[in-house]
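Chemist: Pasting in a structure now, in structure tokens, and then I'll have a few things to ask.
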Amino acid sequence: MGYYITEECINCGACAVECPTNAIFEPGKKYKIEEKIYDAVSSVHFYIASFICDECKNINEPKCVAVCPMNSIERS
Ligand code: SF4
Ligand code: SF4
């Protein structure tokens with residue numbers, strides 16, 4: 001379960017700017033949770049770290065989905 005970014009992504013970065021939990025990262029960029037470093041989920045396009053994303057639980061439409069020009073963010 002959770003949101004993920006598909007191959008349609010054009011790497012505009014708009015979703016990362018809007019994400020309230022800072023769960024979206026640049027392609028190839030490692031991310032950190034409580035001092036532990038994790039490998040990038042994708043080296044090709046922006047990606048969502050599922051352990052950080054709270055699915056915008058207090059917002060009607062997830063911020064990342066609302067802003068994406070390519071409709072390239074889906075829910076599994
Ligand atoms: S659903 Fe919300 S918290 Fe999760 S990645 Fe998108 S904007 Fe961030
Ligand atoms: S807003 Fe959409 S196209 Fe832009 S980086 Fe995010 S997923 Fe990719």
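A note on labels: chains of the structure tokens are A, B, ... as shown, every chain counts residues from 1, and ligands are counted from 1 in their shown order.
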Kindly provide, as an MDAnalysis selection string, all nucleotide and amino acid residues lying within 12 Å of ligand 2, counting only C-alpha atoms and all ligand atoms.

Modeler: chainID A and resid 3:19 23:27 42 44:48 62:74

Chemist: Could you write out, as JSON, numbers by chain, all the residues of chain A that DSSP marks as strand (DSSP E)?

Modeler: {"A": [3, 4, 5, 24, 25, 31, 32, 33, 36, 37, 38, 47, 48, 73, 74, 75]}

Chemist: Between A:Ile33, A:Cys53, A:Ala40, A:Ile59, which has the minimum distance to ligand 1 (counting only C-alpha atoms and all ligand atoms)?

Modeler: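 Nearest candidate to ligand 1 out of A:Ile33, A:Cys53, A:Ala40, A:Ile59: A:Cys53.
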
Chemist: Among chain A, which residues does DSSP mark as helix (DSSP H, G or I) when it is run on the backbone? Keep the chain and numbering as in the structure and answer as a list in words.

Modeler: Ala14, Cys15, Ala16, Val17, Glu18, Lys63, Cys64, Val65, Ala66 and Val67 of chain A

Chemist: Find the residue from A:Glu55, A:Val41, A:Asn60, A:Gly28 that sits nearest to ligand 1; use only C-alpha atoms and all ligand atoms when measuring.

Modeler: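 Checking each candidate against ligand 1, we get A:Glu55 as the closest.
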
Chemist: I'd like to know which of A:Tyr38, A:Lys32, A:Asn22, A:Met1 is closest to ligand 1, using only C-alpha atoms and all ligand atoms.

Modeler: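 Ranking A:Tyr38, A:Lys32, A:Asn22, A:Met1 by distance to ligand 1, first place goes to A:Asn22.
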
Chemist: Suppose you want the space between atom CA of Asp54 of chain A and atom CA of Glu34 of chain A; what is it in Å?

Modeler: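 Between these atoms lies a distance of 16.3 Å.
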
Chemist: I'd like the interatomic distance between atom 3 (S, counted along the ligand's line) of ligand 1 and atom CA of Lys57 of chain A, to a tenth of an Å.

Modeler: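 Pair atom 3 (S, counted along the ligand's line) of ligand 1 / atom CA of Lys57 of chain A returns 7.8 Å.
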